[in-house]
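The file data.tsv contains TSV, C-alpha atoms:
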```tsv
chain	number	residue	atom	x	y	z
A	18	MET	CA	60.09	-68.53	62.67
A	19	PHE	CA	58.74	-69.80	59.38
A	20	ASN	CA	57.76	-66.29	58.39
A	21	ASP	CA	61.45	-65.39	58.72
A	22	LEU	CA	62.39	-68.38	56.56
A	23	GLU	CA	59.86	-67.35	53.92
A	24	LYS	CA	61.32	-63.84	53.88
A	25	GLU	CA	64.85	-65.25	53.49
A	26	ILE	CA	63.77	-67.46	50.59
A	27	LYS	CA	62.07	-64.49	48.89
A	28	ARG	CA	65.24	-62.47	49.41
A	29	LEU	CA	67.21	-65.18	47.59
A	30	ASN	CA	64.90	-64.97	44.58
A	31	GLY	CA	66.81	-63.34	41.74
A	32	GLN	CA	70.07	-63.23	43.69
A	33	SER	CA	73.24	-64.55	42.03
A	34	VAL	CA	75.98	-66.69	43.50
A	35	SER	CA	79.43	-66.08	42.08
A	36	VAL	CA	81.66	-69.17	41.99
A	37	PRO	CA	85.35	-68.22	41.57
A	38	ILE	CA	87.52	-70.11	39.04
A	39	GLU	CA	91.08	-70.82	40.08
A	40	SER	CA	93.97	-70.43	37.67
A	41	ASP	CA	96.73	-73.01	37.43
A	42	GLU	CA	100.27	-72.41	38.64
A	43	LYS	CA	101.11	-70.61	35.38
A	44	GLY	CA	98.14	-68.24	35.58
A	45	TYR	CA	95.89	-70.00	33.04
A	46	ILE	CA	92.17	-70.78	33.41
A	47	ASP	CA	90.27	-73.65	31.77
A	48	LYS	CA	87.90	-73.17	28.83
A	49	GLU	CA	85.85	-75.55	26.69
A	50	CYS	CA	84.42	-75.14	23.19
A	51	PRO	CA	80.61	-74.95	23.47
A	52	SER	CA	80.13	-76.67	20.10
A	53	ALA	CA	78.60	-80.11	20.74
A	54	GLU	CA	80.68	-81.54	17.88
A	55	CYS	CA	83.97	-80.23	19.29
A	56	LYS	CA	84.15	-79.74	23.09
A	57	PHE	CA	87.87	-78.90	22.74
A	58	ILE	CA	89.51	-78.18	26.12
A	59	PHE	CA	92.11	-75.40	26.30
A	60	LYS	CA	93.42	-72.72	28.65
A	61	VAL	CA	93.72	-68.96	28.42
A	62	ASN	CA	95.87	-66.60	30.44
A	63	LYS	CA	93.66	-65.17	33.19
A	64	ALA	CA	94.98	-61.61	32.82
A	65	ASP	CA	94.54	-61.74	29.04
A	66	TRP	CA	91.00	-63.05	29.46
A	67	ALA	CA	90.21	-59.88	31.40
A	68	ASN	CA	92.21	-57.41	29.30
A	69	ILE	CA	92.34	-58.73	25.71
A	70	PHE	CA	89.40	-61.07	25.18
A	71	LYS	CA	86.05	-59.52	24.22
A	72	ASP	CA	82.69	-60.41	25.78
A	73	GLU	CA	80.92	-60.62	22.44
A	74	ALA	CA	83.11	-63.27	20.79
A	75	VAL	CA	85.65	-65.98	21.59
A	76	TRP	CA	86.91	-68.54	19.05
A	77	CYS	CA	87.78	-72.20	19.55
A	78	PRO	CA	91.51	-72.79	18.88
A	79	PHE	CA	90.69	-76.11	17.20
A	80	CYS	CA	87.49	-75.67	15.14
A	81	ARG	CA	87.05	-71.84	15.19
A	82	HIS	CA	83.52	-72.04	16.58
A	83	GLU	CA	82.51	-68.53	17.65
A	84	ALA	CA	80.40	-67.73	20.73
A	85	PRO	CA	80.10	-65.07	23.47
A	86	ALA	CA	82.60	-65.29	26.32
A	87	LYS	CA	79.98	-66.42	28.84
A	88	GLN	CA	79.51	-69.71	26.94
A	89	TRP	CA	83.06	-71.03	27.37
A	90	PHE	CA	82.84	-72.60	30.84
A	91	THR	CA	83.99	-76.21	30.98
A	92	THR	CA	81.65	-79.08	31.78
A	93	GLU	CA	83.44	-79.58	35.10
A	94	GLN	CA	83.14	-75.88	35.97
A	95	VAL	CA	79.39	-75.89	35.33
A	96	LYS	CA	78.93	-79.09	37.33
A	97	HIS	CA	80.94	-77.69	40.24
A	98	ALA	CA	79.11	-74.33	40.12
A	99	LYS	CA	75.68	-75.99	40.28
A	100	ALA	CA	76.74	-78.06	43.28
A	101	GLU	CA	78.15	-74.99	45.02
A	102	VAL	CA	75.00	-72.92	44.46
A	103	PHE	CA	72.93	-75.72	45.97
A	104	THR	CA	75.31	-75.93	48.96
A	105	VAL	CA	75.21	-72.14	49.51
A	106	VAL	CA	71.40	-71.96	49.35
A	107	LYS	CA	71.08	-74.97	51.62
A	108	GLY	CA	73.50	-73.35	54.06
A	109	ILE	CA	71.55	-70.07	54.12
A	110	ILE	CA	68.30	-71.91	54.84
A	111	HIS	CA	69.93	-74.06	57.51
A	112	ASN	CA	71.56	-71.12	59.25
A	113	THR	CA	68.33	-69.10	59.11
A	114	LEU	CA	66.40	-71.94	60.75
A	115	LYS	CA	69.11	-72.43	63.36
A	116	SER	CA	69.25	-68.72	64.19
A	117	ARG	CA	65.48	-68.42	64.51
A	118	ALA	CA	65.28	-71.60	66.58
A	119	GLU	CA	67.87	-70.24	69.04
A	120	LYS	CA	65.95	-66.96	69.25
A	121	PHE	CA	62.70	-68.84	69.90
A	122	ASN	CA	64.30	-70.99	72.60
A	123	ARG	CA	65.68	-67.95	74.43
A	124	SER	CA	62.20	-66.40	74.50
A	125	GLN	CA	60.62	-69.32	76.35
A	126	THR	CA	59.92	-68.94	80.11
A	127	ARG	CA	61.18	-71.71	82.34
A	128	ASN	CA	58.85	-71.40	85.39
A	129	GLY	CA	55.92	-73.38	83.98
A	130	PHE	CA	55.19	-77.06	83.94
A	131	PHE	CA	56.85	-77.52	80.58
A	132	THR	CA	58.73	-75.55	77.96
A	133	ILE	CA	58.90	-75.86	74.18
A	134	SER	CA	62.21	-75.78	72.37
A	135	ILE	CA	63.19	-76.21	68.73
A	136	GLU	CA	66.34	-78.03	67.63
A	137	VAL	CA	67.94	-77.71	64.19
A	138	LYS	CA	70.48	-80.48	63.75
A	139	GLY	CA	73.78	-80.21	61.98
A	140	GLY	CA	76.65	-77.77	62.17
A	141	VAL	CA	76.78	-74.35	60.59
A	142	LYS	CA	76.47	-74.78	56.81
A	143	ARG	CA	78.61	-72.97	54.27
A	144	THR	CA	77.18	-69.81	52.75
A	145	TYR	CA	80.14	-69.16	50.48
A	146	PRO	CA	81.21	-71.05	47.31
A	147	ILE	CA	84.48	-72.96	47.01
A	148	PRO	CA	86.44	-72.01	43.83
A	149	VAL	CA	86.64	-74.39	40.87
A	150	LYS	CA	90.04	-76.05	40.86
A	151	ALA	CA	92.14	-75.69	37.73
A	152	ALA	CA	93.09	-78.72	35.63
A	153	GLU	CA	96.73	-79.64	35.07
A	154	SER	CA	98.89	-77.29	33.03
A	155	MET	CA	99.04	-77.89	29.30
A	156	ARG	CA	102.39	-78.39	27.64
A	157	LEU	CA	101.95	-76.34	24.46
A	158	GLU	CA	101.77	-72.63	25.32
A	159	ILE	CA	101.11	-70.18	22.47
A	160	GLN	CA	101.07	-66.40	22.08
A	161	CYS	CA	99.07	-64.96	19.20
A	162	GLU	CA	101.27	-63.04	16.79
A	163	LYS	CA	98.38	-60.67	16.04
A	164	CYS	CA	96.74	-59.74	19.38
A	165	GLN	CA	99.42	-61.11	21.77
A	166	SER	CA	96.94	-63.11	23.84
A	167	ARG	CA	98.34	-66.23	25.52
A	168	PHE	CA	96.68	-69.64	25.50
A	169	ALA	CA	97.64	-73.28	25.99
A	170	VAL	CA	96.48	-76.55	24.45
A	171	ILE	CA	97.15	-80.27	24.30
A	172	GLY	CA	97.92	-81.39	20.75
A	173	SER	CA	97.38	-78.65	18.19
A	174	ALA	CA	95.78	-75.22	17.87
A	175	TYR	CA	94.92	-73.52	14.60
A	176	PHE	CA	93.19	-70.32	15.72
A	177	CYS	CA	93.65	-67.66	18.38
A	178	PRO	CA	90.72	-67.78	20.86
A	179	ALA	CA	90.88	-64.02	21.43
A	180	CYS	CA	90.80	-62.78	17.82
A	181	GLY	CA	90.28	-65.87	15.64
A	182	HIS	CA	93.58	-65.33	13.79
A	183	ASN	CA	94.92	-68.35	11.91
A	184	SER	CA	98.72	-68.42	12.02
A	185	VAL	CA	100.09	-70.26	8.99
A	186	VAL	CA	103.49	-70.49	10.71
A	187	ARG	CA	102.12	-72.12	13.85
A	188	THR	CA	99.78	-74.38	11.89
A	189	PHE	CA	102.64	-75.61	9.71
A	190	SER	CA	104.87	-76.16	12.74
A	191	ASP	CA	102.09	-78.19	14.36
A	192	SER	CA	101.70	-80.23	11.17
A	193	LEU	CA	105.39	-81.17	11.13
A	194	ARG	CA	105.19	-82.05	14.81
A	195	LYS	CA	102.18	-84.32	14.20
A	196	ILE	CA	103.90	-86.01	11.26
A	197	THR	CA	106.95	-86.74	13.40
A	198	ALA	CA	104.78	-88.00	16.27
A	199	LYS	CA	102.89	-90.29	13.89
A	200	LYS	CA	106.14	-91.70	12.51
A	201	ASP	CA	107.65	-92.16	15.96
A	202	SER	CA	104.55	-94.06	17.13
A	203	ILE	CA	104.68	-96.67	14.35
A	204	HIS	CA	106.57	-99.27	16.41
A	205	ILE	CA	104.17	-98.98	19.35
A	206	ILE	CA	101.15	-99.16	17.03
A	207	ARG	CA	102.57	-102.17	15.18
A	208	LYS	CA	103.24	-104.06	18.40
A	209	THR	CA	99.78	-103.29	19.78
A	210	LEU	CA	98.03	-104.30	16.55
A	211	ILE	CA	100.00	-107.53	16.23
A	212	GLU	CA	98.81	-108.52	19.69
A	213	SER	CA	95.20	-107.51	19.10
A	214	ALA	CA	94.54	-107.98	15.37
A	215	GLY	CA	97.44	-109.93	13.88
A	216	LYS	CA	100.47	-109.24	11.71
A	217	ASP	CA	98.57	-108.63	8.46
A	218	GLU	CA	96.35	-105.95	9.97
A	219	ALA	CA	99.29	-104.36	11.75
A	220	GLU	CA	101.32	-104.13	8.55
A	221	LEU	CA	98.44	-102.61	6.56
A	222	VAL	CA	97.75	-99.94	9.17
A	223	CYS	CA	101.39	-99.01	9.75
A	224	ARG	CA	102.15	-98.79	6.04
A	225	SER	CA	99.11	-96.57	5.56
A	226	LEU	CA	100.20	-94.31	8.43
A	227	LEU	CA	103.67	-93.82	6.96
A	228	GLU	CA	102.26	-93.08	3.51
A	229	SER	CA	99.83	-90.56	4.99
A	230	CYS	CA	102.80	-88.70	6.48
A	231	ILE	CA	104.00	-87.79	2.98
A	232	LEU	CA	100.53	-86.68	1.94
A	233	ASP	CA	100.16	-84.59	5.11
A	234	GLY	CA	103.58	-82.98	4.70
A	235	VAL	CA	103.10	-81.87	1.10
A	236	VAL	CA	99.63	-80.46	1.77
A	237	ALA	CA	100.81	-78.67	4.93
A	238	PHE	CA	103.68	-77.03	3.04
A	239	GLN	CA	101.30	-76.05	0.24
A	240	LYS	CA	98.96	-74.29	2.72
A	241	TYR	CA	101.95	-72.65	4.42
A	242	CYS	CA	103.28	-71.26	1.15
A	243	GLU	CA	99.83	-70.10	0.02
A	244	GLY	CA	99.37	-68.24	3.31
A	245	LEU	CA	102.71	-66.42	3.05
A	246	TYR	CA	102.41	-65.82	-0.69
A	247	ASN	CA	99.07	-63.99	-0.41
A	248	ARG	CA	100.84	-60.66	0.03
A	249	PHE	CA	102.38	-61.06	-3.42
A	250	GLY	CA	99.19	-62.12	-5.21
A	251	GLU	CA	97.18	-65.25	-5.81
A	252	ALA	CA	99.23	-68.32	-6.68
A	253	PRO	CA	97.99	-70.67	-9.43
A	254	PHE	CA	95.89	-73.59	-8.18
A	255	ASN	CA	97.96	-76.26	-6.37
A	256	SER	CA	101.19	-74.67	-7.63
A	257	PHE	CA	102.95	-75.30	-4.31
A	258	GLN	CA	102.33	-79.04	-4.67
A	259	ARG	CA	104.89	-78.93	-7.48
A	260	LEU	CA	108.47	-78.16	-6.43
A	261	ASP	CA	109.64	-76.52	-9.65
A	262	GLN	CA	106.61	-74.26	-9.93
A	263	GLY	CA	106.65	-73.35	-6.23
A	264	SER	CA	110.36	-72.54	-6.31
A	265	SER	CA	109.86	-70.38	-9.39
A	266	LEU	CA	107.04	-68.43	-7.71
A	267	TRP	CA	109.19	-67.69	-4.68
A	268	ARG	CA	112.15	-66.71	-6.83
A	269	SER	CA	109.99	-64.11	-8.52
A	270	ALA	CA	108.53	-62.87	-5.24
A	271	ILE	CA	111.55	-62.83	-2.89
A	272	GLN	CA	114.47	-63.40	-5.33
A	273	LYS	CA	115.26	-66.82	-3.88
A	274	GLY	CA	114.14	-70.29	-4.91
A	275	TYR	CA	114.38	-73.56	-2.99
A	276	SER	CA	118.02	-74.10	-3.99
A	277	ALA	CA	118.93	-71.16	-1.72
A	278	TRP	CA	118.20	-73.34	1.33
A	279	LEU	CA	118.57	-76.93	0.12
A	280	SER	CA	121.57	-78.68	-1.41
A	281	ASP	CA	121.24	-80.55	-4.71
A	282	PRO	CA	121.01	-83.96	-2.95
A	283	GLU	CA	118.35	-82.59	-0.59
A	284	LEU	CA	116.33	-81.17	-3.49
A	285	ALA	CA	116.61	-84.47	-5.36
A	286	ALA	CA	115.44	-86.42	-2.31
A	287	LEU	CA	112.54	-84.02	-1.73
A	288	ASN	CA	111.54	-84.26	-5.40
A	289	ILE	CA	111.32	-88.06	-5.11
A	290	LEU	CA	109.09	-87.70	-2.05
A	291	TYR	CA	106.84	-85.23	-3.87
A	292	GLN	CA	106.52	-87.68	-6.75
A	293	LYS	CA	105.79	-90.49	-4.31
A	294	ARG	CA	102.98	-88.39	-2.90
A	295	HIS	CA	101.60	-87.86	-6.39
A	296	ILE	CA	101.70	-91.55	-7.27
A	297	LEU	CA	100.11	-92.48	-3.93
A	298	ALA	CA	97.31	-89.97	-4.42
A	299	HIS	CA	96.60	-90.70	-8.07
A	300	ASN	CA	97.83	-94.23	-8.90
A	301	GLU	CA	97.58	-96.26	-5.67
A	302	GLY	CA	101.36	-96.07	-5.35
A	303	ILE	CA	102.01	-98.07	-8.55
A	304	VAL	CA	105.05	-96.79	-10.45
A	305	ASP	CA	104.44	-95.62	-14.03
A	306	SER	CA	106.66	-94.07	-16.69
A	307	ARG	CA	105.64	-90.57	-15.63
A	308	TYR	CA	106.88	-91.21	-12.07
A	309	LEU	CA	110.20	-92.55	-13.33
A	310	GLU	CA	110.65	-89.54	-15.62
A	311	LYS	CA	109.77	-86.86	-13.09
A	312	SER	CA	111.40	-88.35	-9.99
A	313	GLY	CA	114.64	-89.71	-11.44
A	314	ASP	CA	114.19	-92.53	-8.92
A	315	VAL	CA	116.33	-95.48	-10.09
A	316	ALA	CA	115.20	-97.74	-7.24
A	317	TYR	CA	112.03	-98.82	-9.08
A	318	LYS	CA	110.82	-100.20	-12.38
A	319	GLU	CA	107.46	-99.54	-13.97
A	320	GLY	CA	104.70	-101.63	-12.38
A	321	GLN	CA	106.28	-101.86	-8.94
A	322	ARG	CA	104.70	-100.28	-5.88
A	323	ILE	CA	106.65	-97.64	-3.98
A	324	VAL	CA	107.67	-98.12	-0.37
A	325	VAL	CA	107.66	-95.27	2.15
A	326	SER	CA	110.19	-95.62	4.96
A	327	GLU	CA	110.70	-93.82	8.25
A	328	THR	CA	113.86	-92.33	6.74
A	329	ASP	CA	111.70	-90.82	3.99
A	330	ILE	CA	109.59	-89.08	6.63
A	331	ASP	CA	112.68	-87.75	8.42
A	332	ILE	CA	113.96	-86.30	5.13
A	333	LEU	CA	110.57	-84.79	4.34
A	334	VAL	CA	110.24	-83.07	7.70
A	335	SER	CA	113.85	-81.84	7.69
A	336	THR	CA	113.78	-80.36	4.19
A	337	LEU	CA	110.35	-78.77	4.54
A	338	ASP	CA	111.39	-77.25	7.85
A	339	LYS	CA	114.47	-75.69	6.21
A	340	LEU	CA	112.42	-74.31	3.33
A	341	SER	CA	109.71	-72.89	5.58
A	342	LYS	CA	112.18	-71.07	7.81
A	343	GLY	CA	114.11	-69.67	4.87
A	344	ILE	CA	110.98	-68.41	3.12
A	345	LYS	CA	109.61	-66.90	6.33
A	346	GLU	CA	112.85	-65.02	7.04
A	347	MET	CA	112.89	-63.55	3.54
A	348	CYS	CA	109.21	-62.54	3.73
A	349	ASP	CA	109.78	-60.85	7.10
A	350	ASN	CA	112.59	-58.75	5.65
A	351	ILE	CA	110.61	-57.45	2.70
```

As structure tokens, how would this structure be written, given the file I've shared?
Amino acid sequence: MFNDLEKEIKRLNGQSVSVPIESDEKGYIDKECPSAECKFIFKVNKADWANIFKDEAVWCPFCRHEAPAKQWFTTEQVKHAKAEVFTVVKGIIHNTLKSRAEKFNRSQTRNGFFTISIEVKGGVKRTYPIPVKAAESMRLEIQCEKCQSRFAVIGSAYFCPACGHNSVVRTFSDSLRKITAKKDSIHIIRKTLIESAGKDEAELVCRSLLESCILDGVVAFQKYCEGLYNRFGEAPFNSFQRLDQGSSLWRSAIQKGYSAWLSDPELAALNILYQKRHILAHNEGIVDSRYLEKSGDVAYKEGQRIVVSETDIDILVSTLDKLSKGIKEMCDNI
């Protein structure tokens, strides 16, 4: 009996147990960045994983860490697989013992003074793995404009996991979405901080968050323009942080400047926001003569500190969205 068990154990040596991974209701399977600093969770379309993704390299949509395809199992998938392998091996050993015990018992004669029988307790154990269940579907579904692979994330994605492509259009769209989400969360954050840290702390944090929205928006639009402008040459350093210079560059490249998509009042409002960003970044938000001259903002006097409102953020997002779409349409038609 135990010789048979020893043979079965030897047979298992070097054998593999395949644990299936279920896809969610939309056909996506879970993946996790293997970088210890990232561990970003995302999903990829199961068919695309088989047909588009390459074994030698997959990229993290968030940090662009690169690793072979076999390294992208999630922590939960690995944990489940280990438990299933143990269950399968335990089941094979159990069933082998039970089978050999039944064979031994049938071989015993029953006409003597006593008989020997062997009992293996427990029911028949599983010798097949149960698939790993998929996590809930993710809201943001993306298709790479370069390789057409489909993937899904929570929050933001900057790179295609199949080819590593960085889409400036998608990245900019995500940036505007994050800015709006940050602005829309101010009231909840203020209320929570007042209850936990007091009014002073709440006001400091919320003001800082609103001011960071302007900084984020200007930098995001700069990166967007630089990405699209590359086909026309290298733009001067930080030129797209300056409205006049950026508009002039686009007018030379695609025959249209910012006034093609924004009205005079919109351009004036956006110029004030750009100057607010500059004064926040370089003068702690304190108004100087240079700000007054360049912005045309009559709401302040020299020495005051600027105030950023939620309306400012709405204007920033709206005008930058208009500009980005207009520029992209012209670039696509050239």

Can you list every residue of segment 143-255 of chain A that has an atom at most 12 Å from segment 302-312 of chain A, with its nearest atom pair and the distance in Å to one decimal, using only C-alpha atoms, ordered by chain then number, as a tab-separated table?
```
residue	atom	partner	partner_atom	distance
A:Arg224	CA	A:Gly302	CA	11.7
A:Ser225	CA	A:Gly302	CA	11.2
A:Glu228	CA	A:Gly302	CA	9.4
A:Ser229	CA	A:Gly302	CA	11.8
A:Leu232	CA	A:Gly302	CA	11.9
```

Tell me which of A:Ile330, A:Cys77, A:Ala84, A:Ile110 sits closest to Phe176 of chain A, counting only C-alpha atoms.
A:Cys77

Distance criterion (only C-alpha atoms): nearest to Ala174 of chain A out of A:Tyr241, A:Tyr317, A:Phe59, A:Phe254
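Closest residue, counting only C-alpha atoms: A:Phe59.
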
For Thr104 of chain A, the nearest of the candidates A:Val36, A:Val236, A:Val75, A:Met155, counting all atoms listed in the file
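Selected residue with least distance to Thr104 of chain A: A:Val36.
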
Expressed in Å to a single decimal, how great is the separation between atom CA of Asp65 of chain A and atom CA of Tyr175 of chain A?
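That distance, rounded to one decimal, is 18.6 Å.
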
So, with only C-alpha atoms as the atoms that count, which of A:Ser40, A:Ser341, A:Ser35, A:Ser173 lies closest to Val186 of chain A?
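Between A:Ser40, A:Ser341, A:Ser35, A:Ser173, the residue approaching Val186 of chain A most closely is A:Ser341.
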
Please indicate the distance in Å from atom CA of Gly263 of chain A to atom CA of Met347 of chain A, rounded to one decimal place.
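Distance reported for this atom pair: 15.2 Å.
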
Gap from atom CA of Gly244 of chain A to atom CA of His182 of chain A - Å, one decimal:
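Those two atoms sit 12.3 Å apart.
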
Which residue is closest to Ala74 of chain A? Choose from A:Ile296, A:Ala179, A:Ile211, A:Leu227 and count all atoms listed in the file.
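Smallest separation from Ala74 of chain A among the options: A:Ala179.
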
Between A:Val315, A:Arg167, A:Leu266, A:Phe238, smallest distance to Glu251 of chain A by all atoms listed in the file belongs to A:Leu266

Which neighbours of Asn247 of chain A fall inside 12 Å, counting only C-alpha atoms, when residues of the same chain fewer than 4 positions from it are skipped, and could you give them as a PyMOL selection string?
chain A and resi 185+240-243+251-253+266-267+270+348

Can you pull out the residues contacting Thr336 of chain A? Cut-off 12 Å, using only C-alpha atoms, and skip same-chain residues under 5 positions away; I want them as an NGL selection string.
:A and (193 or 234-235 or 238 or 275-276 or 278-288 or 290-291 or 329-331 or 341-343)

Within 12 Å of Glu93 of chain A, counting all atoms listed in the file, which residues qualify if same-chain residues fewer than 3 places away don't, as a list in words?
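Close residues of Glu93 of chain A: Ile38, Asp47, Lys48, Glu49, Ile58, Trp89, Phe90, Lys96, His97, Ala98, Lys99, Ala100, Pro148, Val149, Lys150, Ala151 and Ala152 of chain A.
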